[in-house]
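These notes concern the structure reproduced below.
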Amino acid sequence: MGRDSDMLVTLVAEGRLSAADAALASDVVRTQGGEPQGWDWIDAGDALDLRMAGGQGLRGALEAAFPAVDVVLQSAAAGRRRMLLVADMDSTMIQCECIDALADYAGLKPQVAAITEAAMLGQLDFAEALRARGALLAGMPVETLEECRRERGRLMPGAAALVRTMRGWGARTLLVSGGFTAFTAPVAAEIGFASQQANVLLVEDGRLTGTVAAPIVDAATKRAALLGAGIDPALALAVGDGANDIPMIEAAGLGIAYHAKPRAAAAADSAVRFGDLTVLLRAQGLSRAEWAAC
């Protein structure tokens with residue numbers, strides 16, 4: 001992130017922050033040519049805001065100075081509470097890659113995981129990788145999809161709190177995934193997303209055909225969902241972990257990489273490296289008392 005006249009830095013490390021951390025962050029800002037303008041607790045010991053003017057190279061300097069703290073930088077001029085959330089599902093809202101979990105059921109995990117990793121790193125075209133992985137699942141009973149989701153599709157900590165809290169102030173919430181509707185539909189309903197969009201696995205005689213329906217939900221689809229939501233992108237929060245999340249992350253007013261691959265982390269405004277999805281509530285200025293009950 002480059003120079004900006006009015007910036008807000010949020011530090012999050014539940015139960016591990018002190019006033020000394022605010023002082024250290026202020027010193028880092030000064031070394032980068034910025035001027036601290038005061039700080040406040042969001043919740044004492046858990047999260048704090050530092051206001052500042054100017055500065056350059058702040059994200060890298062602050063992340064280096066706080067190797068076990070999540071650091072979120074954003075413009076102080078933007079609306080703090082975002083009115084649109086567009087989120088990836090796999091390894092973001094749930095704790096697995098759904099197609100890898102399905103492959104494990106079929107005894108094909110190594111083959112499918114290798115394709116997934118190459119796609120997440122941006123080394124393989126996403127649509128090509130999706131079709132190749134889908135083909136490996138041909139013949140799987142359709143009942144296995146729901147069995148796998150129930151057993152492997154555990155929610156990411158903080159997912160429900162994030163979505164339900166944002167919906168509470170009227171934000172629109174979209175789950176847009178390069179995974180499959182067999183996972184996104186129940187996951188979206190459980191977490192509280194207003195809508196979901198993902199790829200469809202075709203079924204014939206109760207078994208997967210190995211074919212994914214067109215059109216493919218990919219990186220361009222995710223970006224289009226954000227830009228087509230009818231809400232100023234400057235008021236949007238996008239979160240994901242892989243290369244196919246980069247276009248939506250870059251289009252959002254606040255783009256967050258969540259425990260992400262290197263390319264996605266580099267493209268984002270900030271990265272959640274240690275905490276859970278409630279870091280995104282801290283970034284929007286919320287104390288724990290303001291989170292929706294889950």
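Identifiers for the structure tokens are assigned positionally: chains receive A, B, ... in sequence, residues are indexed from 1 per chain, and ligands are indexed from 1 in the order shown.
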
Task: All residues 7 Å or closer to Thr278 of chain A, only C-alpha atoms, same chain fewer than 2 positions away omitted, as number ranges by chain - done: A: 158, 161-162, 276, 280-282

Written selection (C-alpha atoms) as a short mmCIF file (atom, residue, chain, number, x, y, z; two decimals), in the first residue's frame:
```
data_model
loop_
_atom_site.label_atom_id
_atom_site.label_comp_id
_atom_site.auth_asym_id
_atom_site.auth_seq_id
_atom_site.Cartn_x
_atom_site.Cartn_y
_atom_site.Cartn_z
CA GLY A 158 -15.86 -16.49 13.14
CA ALA A 161 -20.38 -13.95 13.54
CA LEU A 162 -18.96 -12.02 10.58
CA ASP A 276 -10.08 -16.08 12.59
CA LEU A 280 -12.75 -8.62 9.79
CA LEU A 281 -15.18 -7.36 12.41
CA ARG A 282 -12.31 -5.76 14.32
#
```

- [ ] Name the residues of segment 196-275 of chain A that fall into strand (DSSP E or B) according to DSSP on the backbone, using the chain letters and numbers of this document, as a PyMOL selection string.
- [x] chain A and resi 196-199+201-204+207-212+236-240+254-258+270-272

Task: A:Thr211, A:Met156, A:Ser91, A:Ala188 ranked by distance to Glu128 of chain A, top pick (using only C-alpha atoms) - done: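 Residue with the minimum atom-to-atom distance to Glu128 of chain A: A:Thr211.
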
Task: Residue among A:Ala106, A:Val86, A:Asp245, A:Ala283 lying closest to Ser195 of chain A, counting only C-alpha atoms - done: A:Val86

TODO: Could you tell me, as a ChimeraX atom specification, which residues of segment 122-217 of chain A DSSP assigns to helix (DSSP H, G or I) when given the backbone?
DONE: /A:126-136,143-152,159-168,181-191
